[in-house]
>>> print(open('data10.cif').read())   # mmCIF, C-alpha atoms
data_final
loop_
_atom_site.label_atom_id
_atom_site.label_comp_id
_atom_site.auth_asym_id
_atom_site.auth_seq_id
_atom_site.Cartn_x
_atom_site.Cartn_y
_atom_site.Cartn_z
CA MET O 8 32.18 113.68 167.30
CA GLU O 9 29.62 113.79 164.47
CA ALA O 10 26.74 113.02 166.86
CA ASN O 11 27.88 115.73 169.25
CA THR O 12 28.11 118.21 166.40
CA ARG O 13 24.56 117.44 165.27
CA SER O 14 23.11 117.72 168.78
CA THR O 15 24.81 121.02 169.68
CA GLY O 16 24.76 122.59 166.23
CA ARG O 17 28.34 123.72 166.78
CA LEU O 18 31.52 122.97 164.88
CA PRO O 19 34.29 121.06 166.70
CA ALA O 20 36.89 123.30 168.34
CA ALA O 21 39.55 122.18 165.84
CA PHE O 22 37.53 123.75 163.03
CA LEU O 23 37.39 127.08 164.84
CA THR O 24 41.04 127.25 165.89
CA PRO O 25 43.12 126.05 162.92
CA GLY O 26 46.66 125.17 163.95
CA SER O 27 48.14 125.97 160.55
CA SER O 28 48.02 128.87 158.14
CA SER O 29 47.68 126.30 155.33
CA PHE O 30 44.15 125.38 154.27
CA LEU O 31 45.54 122.29 152.54
CA ASP O 32 47.09 121.03 155.79
CA PHE O 33 43.78 121.66 157.55
CA LEU O 34 41.91 119.58 154.93
CA SER O 35 44.55 116.85 155.10
CA ASP O 36 44.01 116.55 158.86
CA HIS O 37 40.21 116.70 158.95
CA SER O 38 38.83 115.74 155.50
CA PRO O 39 41.64 114.23 153.40
CA GLU O 40 39.13 112.62 151.04
CA MET O 41 38.20 116.11 149.78
CA LEU O 42 41.64 116.66 148.25
CA PRO O 43 41.64 115.75 144.52
CA GLY O 44 44.86 113.74 144.78
CA ASN O 45 43.36 111.42 147.41
CA ARG O 46 40.46 110.21 145.31
CA LYS O 47 40.41 106.66 144.05
CA LEU O 48 40.17 106.27 140.29
CA PRO O 49 39.06 103.27 138.24
CA GLU O 50 41.77 101.09 136.75
CA GLY O 51 43.26 102.05 133.39
CA VAL O 52 43.56 105.35 131.58
CA VAL O 53 40.79 107.86 132.31
CA GLU O 54 39.52 110.02 129.42
CA ALA O 55 38.69 113.60 130.39
CA PRO O 56 38.60 117.02 128.72
CA HIS O 57 42.02 118.70 128.58
CA GLY O 58 42.83 122.38 128.46
CA THR O 59 45.62 123.32 126.10
CA THR O 60 47.75 126.42 125.56
CA ILE O 61 48.63 129.08 128.15
CA VAL O 62 51.16 131.89 127.57
CA ALA O 63 52.65 134.65 129.70
CA VAL O 64 54.82 137.69 128.97
CA THR O 65 56.42 140.24 131.29
CA PHE O 66 56.74 143.94 130.49
CA PRO O 67 58.24 146.78 132.56
CA GLY O 68 54.93 147.52 134.32
CA GLY O 69 53.74 143.99 135.02
CA VAL O 70 52.87 140.67 133.40
CA VAL O 71 50.28 139.38 130.92
CA LEU O 72 48.77 135.89 131.26
CA ALA O 73 46.52 134.53 128.50
CA GLY O 74 44.97 131.33 127.22
CA ASP O 75 43.01 129.96 124.30
CA ARG O 76 39.44 128.69 124.81
CA ARG O 77 39.49 125.11 123.48
CA ALA O 78 39.27 121.89 125.51
CA THR O 79 39.81 118.54 123.81
CA MET O 80 39.13 114.91 124.63
CA GLY O 81 41.21 112.68 122.42
CA ASN O 82 40.71 113.90 118.85
CA MET O 83 37.38 115.56 119.69
CA ILE O 84 36.67 119.16 120.69
CA ALA O 85 35.08 118.86 124.13
CA GLN O 86 34.38 122.57 124.62
CA ARG O 87 35.01 125.67 122.52
CA ASP O 88 34.75 128.38 125.16
CA ILE O 89 36.36 127.00 128.32
CA GLU O 90 38.00 129.50 130.67
CA LYS O 91 41.59 128.66 131.59
CA VAL O 92 42.91 131.81 133.27
CA PHE O 93 41.79 132.73 136.80
CA PRO O 94 42.79 135.27 139.44
CA ALA O 95 44.54 133.60 142.39
CA ASP O 96 44.25 136.76 144.46
CA GLU O 97 44.44 140.50 143.88
CA TYR O 98 48.00 140.41 142.52
CA SER O 99 48.42 136.99 140.90
CA ALA O 100 46.75 134.62 138.45
CA VAL O 101 46.87 131.00 137.28
CA GLY O 102 46.52 129.66 133.75
CA ILE O 103 45.63 125.97 133.56
CA ALA O 104 46.71 123.29 131.10
CA GLY O 105 46.00 119.61 131.49
CA THR O 106 42.91 117.83 132.85
CA ALA O 107 40.33 120.60 132.90
CA GLY O 108 38.10 119.46 135.76
CA LEU O 109 40.98 118.76 138.15
CA ALA O 110 42.74 121.96 137.12
CA VAL O 111 39.72 124.16 137.88
CA GLU O 112 39.28 122.43 141.24
CA MET O 113 42.96 122.95 142.02
CA VAL O 114 42.64 126.65 141.23
CA LYS O 115 39.67 126.98 143.61
CA LEU O 116 41.65 125.26 146.37
CA PHE O 117 44.61 127.52 145.64
CA GLN O 118 42.38 130.59 145.95
CA LEU O 119 41.12 129.30 149.32
CA GLU O 120 44.68 128.54 150.41
CA LEU O 121 45.78 132.14 149.82
CA GLU O 122 42.64 133.60 151.40
CA HIS O 123 42.97 131.29 154.44
CA PHE O 124 46.62 132.30 154.95
CA GLU O 125 45.73 135.99 154.81
CA LYS O 126 42.92 135.60 157.35
CA VAL O 127 44.99 133.52 159.79
CA GLU O 128 48.27 135.44 159.50
CA GLY O 129 46.84 138.90 158.86
CA ALA O 130 49.22 139.35 155.92
CA THR O 131 49.51 138.17 152.34
CA LEU O 132 52.04 135.64 151.15
CA SER O 133 54.93 136.87 149.03
CA LEU O 134 54.71 135.98 145.35
CA GLU O 135 57.48 133.44 145.91
CA GLY O 136 55.47 131.92 148.76
CA LYS O 137 52.37 131.66 146.57
CA ALA O 138 54.40 129.91 143.87
CA ASN O 139 55.68 127.43 146.46
CA ARG O 140 52.17 126.68 147.75
CA LEU O 141 51.01 125.92 144.21
CA SER O 142 54.01 123.64 143.74
CA THR O 143 52.93 121.64 146.82
CA MET O 144 49.40 121.26 145.43
CA ILE O 145 50.67 119.98 142.07
CA ARG O 146 52.94 117.49 143.84
CA GLY O 147 49.90 116.20 145.73
CA ASN O 148 48.28 115.39 142.38
CA LEU O 149 51.16 113.16 141.22
CA GLY O 150 49.14 109.93 141.61
CA MET O 151 46.46 111.34 139.31
CA ALA O 152 49.10 112.54 136.84
CA MET O 153 50.52 109.01 136.58
CA GLN O 154 47.06 107.88 135.41
CA GLY O 155 46.91 110.52 132.70
CA LEU O 156 45.18 113.28 134.69
CA ALA O 157 48.01 115.79 134.88
CA VAL O 158 47.67 119.48 135.72
CA VAL O 159 50.49 121.76 134.52
CA PRO O 160 49.70 125.45 135.15
CA LEU O 161 51.48 128.74 134.65
CA PHE O 162 51.50 131.12 137.62
CA ALA O 163 52.14 134.84 137.21
CA GLY O 164 51.83 137.92 139.33
CA TRP O 165 53.12 141.26 140.49
CA ASP O 166 55.92 141.01 143.04
CA GLU O 167 55.38 143.94 145.40
CA GLY O 168 58.82 143.52 146.98
CA LYS O 169 60.76 143.46 143.69
CA GLU O 170 58.26 145.74 141.93
CA LYS O 171 58.01 143.70 138.76
CA GLY O 172 55.96 141.00 137.09
CA ARG O 173 57.17 137.40 137.43
CA ILE O 174 56.25 134.05 135.82
CA PHE O 175 56.56 130.53 137.25
CA SER O 176 56.16 127.26 135.35
CA TYR O 177 55.73 123.73 136.75
CA ASP O 178 56.14 120.09 135.80
CA VAL O 179 53.79 117.26 136.85
CA THR O 180 55.86 116.51 139.96
CA GLY O 181 55.46 120.06 141.27
CA GLY O 182 58.94 121.11 140.17
CA ARG O 183 58.96 124.90 139.89
CA SER O 184 60.99 127.17 137.61
CA GLU O 185 60.96 130.90 137.25
CA GLU O 186 60.70 131.98 133.63
CA HIS O 187 62.24 135.22 132.42
CA GLY O 188 60.51 137.30 129.77
CA PHE O 189 57.97 134.82 128.51
CA ALA O 190 56.67 131.28 128.99
CA ALA O 191 54.14 128.81 127.63
CA THR O 192 52.60 125.51 128.70
CA GLY O 193 50.17 123.02 127.19
CA SER O 194 49.99 121.15 123.90
CA GLY O 195 50.60 124.23 121.75
CA SER O 196 53.37 125.60 123.95
CA VAL O 197 56.19 124.65 121.56
CA PHE O 198 54.69 126.76 118.78
CA ALA O 199 53.63 129.60 121.09
CA ARG O 200 57.08 129.75 122.66
CA GLY O 201 58.73 129.84 119.23
CA SER O 202 56.51 132.75 118.27
CA MET O 203 57.24 134.69 121.47
CA LYS O 204 60.96 134.00 121.21
CA LYS O 205 61.08 135.96 117.95
CA LEU O 206 58.72 138.79 118.97
CA TYR O 207 59.59 139.43 122.63
CA ARG O 208 61.74 142.30 123.79
CA PRO O 209 62.15 143.62 127.34
CA ASP O 210 60.81 147.14 126.67
CA LEU O 211 57.30 146.13 125.57
CA THR O 212 54.38 148.34 126.49
CA GLU O 213 51.27 146.78 128.04
CA GLU O 214 49.45 147.08 124.70
CA GLN O 215 52.31 145.42 122.84
CA ALA O 216 52.49 142.62 125.43
CA THR O 217 48.78 141.83 125.05
CA THR O 218 49.17 141.83 121.27
CA LEU O 219 52.17 139.52 121.52
CA VAL O 220 50.29 136.86 123.55
CA VAL O 221 47.42 136.84 121.04
CA GLN O 222 49.92 136.47 118.19
CA ALA O 223 51.54 133.56 120.03
CA LEU O 224 48.18 131.85 120.64
CA TYR O 225 47.30 132.34 116.98
CA ASP O 226 50.57 130.66 115.94
CA ALA O 227 49.93 127.81 118.38
CA ALA O 228 46.44 127.25 116.93
CA ASP O 229 47.90 127.34 113.44
CA ASP O 230 50.03 124.23 114.14
CA ASP O 231 48.36 122.50 117.10
CA SER O 232 44.87 121.10 116.53
CA ALA O 233 44.14 121.09 120.28
CA THR O 234 44.57 124.88 120.50
CA GLY O 235 41.70 127.07 119.42
CA GLY O 236 42.27 130.34 117.59
CA PRO O 237 39.98 133.39 117.75
CA ASP O 238 36.47 132.40 116.62
CA LEU O 239 35.05 135.61 115.20
CA TYR O 240 31.73 134.06 114.16
CA ARG O 241 30.93 132.65 117.61
CA ARG O 242 32.55 135.66 119.34
CA ILE O 243 34.99 133.43 121.25
CA TYR O 244 38.27 135.19 121.92
CA PRO O 245 41.37 134.37 124.00
CA ILE O 246 41.22 135.28 127.67
CA VAL O 247 43.84 137.95 128.29
CA THR O 248 44.67 139.22 131.78
CA VAL O 249 47.06 141.90 132.98
CA ILE O 250 48.59 142.10 136.46
CA THR O 251 50.32 145.32 137.57
CA ASP O 252 50.87 147.21 140.81
CA GLU O 253 47.18 148.12 140.55
CA GLY O 254 46.19 144.46 140.69
CA PHE O 255 44.60 141.86 138.43
CA ARG O 256 42.55 142.94 135.42
CA ARG O 257 40.90 140.86 132.72
CA LEU O 258 40.41 142.46 129.32
CA THR O 259 36.74 143.03 128.57
CA GLU O 260 35.05 141.21 125.70
CA ASP O 261 35.17 144.41 123.62
CA GLU O 262 38.91 144.78 124.28
CA SER O 263 39.59 141.10 123.50
CA SER O 264 37.44 141.33 120.38
CA ALA O 265 39.28 144.39 119.07
CA LEU O 266 42.65 142.79 119.79
CA ALA O 267 41.76 139.46 118.15
CA ARG O 268 40.27 141.16 115.10
CA SER O 269 43.33 143.37 114.62
CA VAL O 270 45.57 140.29 114.68
CA THR O 271 43.38 138.26 112.30
CA ASP O 272 43.01 141.23 109.92
CA ARG O 273 46.80 141.55 109.68
CA ARG O 274 47.07 137.81 109.08
CA LEU O 275 45.09 138.30 105.86
CA GLU O 276 48.15 140.17 104.58
CA GLN O 277 50.77 138.04 106.39
CA PRO O 278 49.33 134.56 107.14
CA ASP O 279 52.46 133.51 109.02
CA GLY O 280 52.48 136.58 111.23
CA PRO O 281 54.93 139.44 111.80
CA ARG O 282 58.54 139.01 110.72
CA ALA O 283 61.47 139.28 113.09
CA ALA O 284 64.75 140.84 111.93
CA LEU O 285 67.49 138.39 110.93
CA LEU O 286 70.10 140.34 112.89
#
>>> encode(input="data10.cif", output="structure tokens")
Amino acid sequence: MEANTRSTGRLPAAFLTPGSSSFLDFLSDHSPEMLPGNRKLPEGVVEAPHGTTIVAVTFPGGVVLAGDRRATMGNMIAQRDIEKVFPADEYSAVGIAGTAGLAVEMVKLFQLELEHFEKVEGATLSLEGKANRLSTMIRGNLGMAMQGLAVVPLFAGWDEGKEKGRIFSYDVTGGRSEEHGFAATGSGSVFARGSMKKLYRPDLTEEQATTLVVQALYDAADDDSATGGPDLYRRIYPIVTVITDEGFRRLTEDESSALARSVTDRRLEQPDGPRAALL
């Protein structure tokens, strides 16, 4: 087949008439070695940079997904300005925690999966369907996860049918759970979740929701060495994205800068952050 392809300069018919709306199934049939979970790794534990804390919060008009910028490798800082939050399509986004290289590759495959489905079917997947497709991809990485190369993302988006923002979390086996109100994943997630638990309320405005995620990331960085807080000197700020019925939007550097500075300025007065009422 390869010789025939070279001589005619044409792709095989199977490549032009995919039998499935899933790009992953297509790769599994024709080039399974290209899927990350099918690659052979050396024996033993593999050291690789890891992304850390991702947080998400819903508000009446949509959902906010944000992440810090630090990647670690063991006790070392591998990168200070890694990007961990990506659009999946126009109305959804993925925040990655875990092995950074595999996670970024998984996000790119997920983007192709959604685009391929839309082109083949002529319609977009429901938000629930997108969450299920991502679950399948994570399950396919289980062999890598057992060798220490886990990918544990947060998925969030605007549900056009239910007209609200929704959040989905995952475990290393691809198990999927819908989170209500707020969620966190990664090494600093315990501290970020504790922060959001005290500050969240269902009637947040978009501005309050973006402030809340930065406060939560600040608290995570305060107690988790693998999570990076706002770095005002290097101009490295959390990535904050908002998804509404108008689609995906990432805060500009000026907006992120102003938000991070307002939080850090208030922390000069209250180092432990805002106080929640006892009752």
>>> resolve_selection(input="data10.cif", expression="the PyMOL selection byres ((chain O and resi 152) around 12)", output="count of residues only")
27
>>> closest_atom_pairs(input="data10.cif", of="region 166-229 of chain O", to="region 89-99 of chain O", cutoff="12 Å", atoms="all atoms listed in the file", output="tab-separated table")
residue	atom	partner	partner_atom	distance
O:Asp166	CA	O:Tyr98	CA	8.0
O:Glu167	CA	O:Tyr98	CA	8.7
O:Glu170	CA	O:Tyr98	CA	11.6
O:Lys171	CA	O:Tyr98	CA	11.2
O:Gly172	CA	O:Ser99	CA	9.4
O:Arg173	CA	O:Ser99	CA	9.4
O:Ile174	CA	O:Ser99	CA	9.8
O:Phe175	CA	O:Ser99	CA	11.0
O:Thr192	CA	O:Lys91	CA	11.8
O:Gly193	CA	O:Lys91	CA	11.2
>>> write_last_selection(input="data10.cif", atoms="C-alpha atoms", output="mmCIF file, in the frame of the given file")
data_model
loop_
_atom_site.group_PDB
_atom_site.id
_atom_site.type_symbol
_atom_site.label_atom_id
_atom_site.label_comp_id
_atom_site.auth_asym_id
_atom_site.auth_seq_id
_atom_site.Cartn_x
_atom_site.Cartn_y
_atom_site.Cartn_z
ATOM 1 C CA ASP O 166 55.920 141.010 143.040
ATOM 2 C CA GLU O 167 55.380 143.940 145.400
ATOM 3 C CA GLU O 170 58.260 145.740 141.930
ATOM 4 C CA LYS O 171 58.010 143.700 138.760
ATOM 5 C CA GLY O 172 55.960 141.000 137.090
ATOM 6 C CA ARG O 173 57.170 137.400 137.430
ATOM 7 C CA ILE O 174 56.250 134.050 135.820
ATOM 8 C CA PHE O 175 56.560 130.530 137.250
ATOM 9 C CA THR O 192 52.600 125.510 128.700
ATOM 10 C CA GLY O 193 50.170 123.020 127.190
#
>>> resolve_selection(input="data10.cif", expression="the PyMOL selection byres ((chain O and resi 280) around 10)", output="MDAnalysis selection string")
chainID O and resid 202 222:223 225:226 270:271 273:279 281:283
>>> closest_atom_pairs(input="data10.cif", of="region 117-229 of chain O", to="region 59-62 of chain O", cutoff="7 Å", atoms="only C-alpha atoms", output="JSON lines")
{"residue": "O:Ala190", "atom": "CA", "partner": "O:Val62", "partner_atom": "CA", "distance": 5.7}
{"residue": "O:Ala191", "atom": "CA", "partner": "O:Val62", "partner_atom": "CA", "distance": 4.3}
{"residue": "O:Thr192", "atom": "CA", "partner": "O:Ile61", "partner_atom": "CA", "distance": 5.4}
{"residue": "O:Gly193", "atom": "CA", "partner": "O:Thr60", "partner_atom": "CA", "distance": 4.5}
{"residue": "O:Ser194", "atom": "CA", "partner": "O:Thr59", "partner_atom": "CA", "distance": 5.4}
{"residue": "O:Gly195", "atom": "CA", "partner": "O:Thr60", "partner_atom": "CA", "distance": 5.2}
{"residue": "O:Ser196", "atom": "CA", "partner": "O:Thr60", "partner_atom": "CA", "distance": 5.9}
{"residue": "O:Val220", "atom": "CA", "partner": "O:Val62", "partner_atom": "CA", "distance": 6.5}
>>> resolve_selection(input="data10.cif", expression="the PyMOL selection byres ((chain O and resi 84) around 10)", output="MDAnalysis selection string")
chainID O and resid 56:57 77:83 85:87 232:235
>>> residues_around(input="data10.cif", residues="Ala130 (chain O)", least_positions_apart="6", cutoff="12 Å", atoms="only C-alpha atoms", output="MDAnalysis selection string")
chainID O and resid 28 121:124
>>> closest_residue(input="data10.cif", among="O:Ile246, O:Ile103, O:Val221, O:Met203", to="Arg268 (chain O)", atoms="only C-alpha atoms")
O:Val221
>>> residues_near_point(input="data10.cif", point="(36.3, 132.4, 117.2)", cutoff="10 Å", atoms="all atoms listed in the file", output="compact mmCIF listing (two decimals) with C-alpha atoms, in the coordinates of the input")
# COMPACT_ATOMS: atom_id res chain seq x y z
CA ARG O 76 39.44 128.69 124.81
CA ARG O 87 35.01 125.67 122.52
CA ASP O 88 34.75 128.38 125.16
CA GLY O 235 41.70 127.07 119.42
CA GLY O 236 42.27 130.34 117.59
CA PRO O 237 39.98 133.39 117.75
CA ASP O 238 36.47 132.40 116.62
CA LEU O 239 35.05 135.61 115.20
CA TYR O 240 31.73 134.06 114.16
CA ARG O 241 30.93 132.65 117.61
CA ARG O 242 32.55 135.66 119.34
CA ILE O 243 34.99 133.43 121.25
CA TYR O 244 38.27 135.19 121.92
CA PRO O 245 41.37 134.37 124.00
CA SER O 264 37.44 141.33 120.38
CA ALA O 267 41.76 139.46 118.15
CA ARG O 268 40.27 141.16 115.10
>>> closest_residue(input="data10.cif", among="O:Arg183, O:Lys126, O:Arg208, O:Arg200", to="Pro160 (chain O)", atoms="all atoms listed in the file")
O:Arg183
>>> closest_residue(input="data10.cif", among="O:Gly58, O:Phe189, O:Val70, O:Leu211", to="Phe255 (chain O)", atoms="all atoms listed in the file")
O:Val70
>>> atom_distance(input="data10.cif", atom1="CA of Gly129 (chain O)", atom2="CA of Val114 (chain O)")
21.9 Å
>>> closest_residue(input="data10.cif", among="O:Gly102, O:Arg256, O:Asp210, O:Thr218", to="Ser176 (chain O)", atoms="only C-alpha atoms")
O:Gly102
>>> atom_distance(input="data10.cif", atom1="CA of Leu134 (chain O)", atom2="CA of Phe162 (chain O)")
9.7 Å
>>> atom_distance(input="data10.cif", atom1="CA of Asp230 (chain O)", atom2="CA of Phe198 (chain O)")
7.0 Å
>>> closest_residue(input="data10.cif", among="O:Glu125, O:Asp231, O:Asp272, O:Glu213", to="Gly69 (chain O)", atoms="all atoms listed in the file")
O:Glu213
>>> closest_residue(input="data10.cif", among="O:Ala107, O:Glu135, O:Lys169, O:Lys115", to="Asp252 (chain O)", atoms="all atoms listed in the file")
O:Lys169
>>> decode(input="data10.cif", residues="region 91-107 of chain O", atoms="C-alpha atoms", output="PDB file, in the first residue's frame")
ATOM      1  CA  LYS O  91      -1.887  24.683  31.231  1.00  0.00           C
ATOM      2  CA  VAL O  92      -5.287  25.916  30.036  1.00  0.00           C
ATOM      3  CA  PHE O  93      -6.330  25.469  26.396  1.00  0.00           C
ATOM      4  CA  PRO O  94      -9.512  25.895  24.368  1.00  0.00           C
ATOM      5  CA  ALA O  95     -10.947  22.534  23.295  1.00  0.00           C
ATOM      6  CA  ASP O  96     -13.321  24.225  20.874  1.00  0.00           C
ATOM      7  CA  GLU O  97     -15.378  27.403  20.756  1.00  0.00           C
ATOM      8  CA  TYR O  98     -17.408  26.574  23.874  1.00  0.00           C
ATOM      9  CA  SER O  99     -15.142  24.420  26.048  1.00  0.00           C
ATOM     10  CA  ALA O 100     -11.649  24.289  27.522  1.00  0.00           C
ATOM     11  CA  VAL O 101      -9.225  21.888  29.197  1.00  0.00           C
ATOM     12  CA  GLY O 102      -6.873  22.567  32.092  1.00  0.00           C
ATOM     13  CA  ILE O 103      -4.039  20.056  32.433  1.00  0.00           C
ATOM     14  CA  ALA O 104      -2.368  18.621  35.521  1.00  0.00           C
ATOM     15  CA  GLY O 105       0.109  15.775  35.488  1.00  0.00           C
ATOM     16  CA  THR O 106       2.857  14.930  32.989  1.00  0.00           C
ATOM     17  CA  ALA O 107       3.141  18.124  30.975  1.00  0.00           C
TER      18      ALA O 107
END
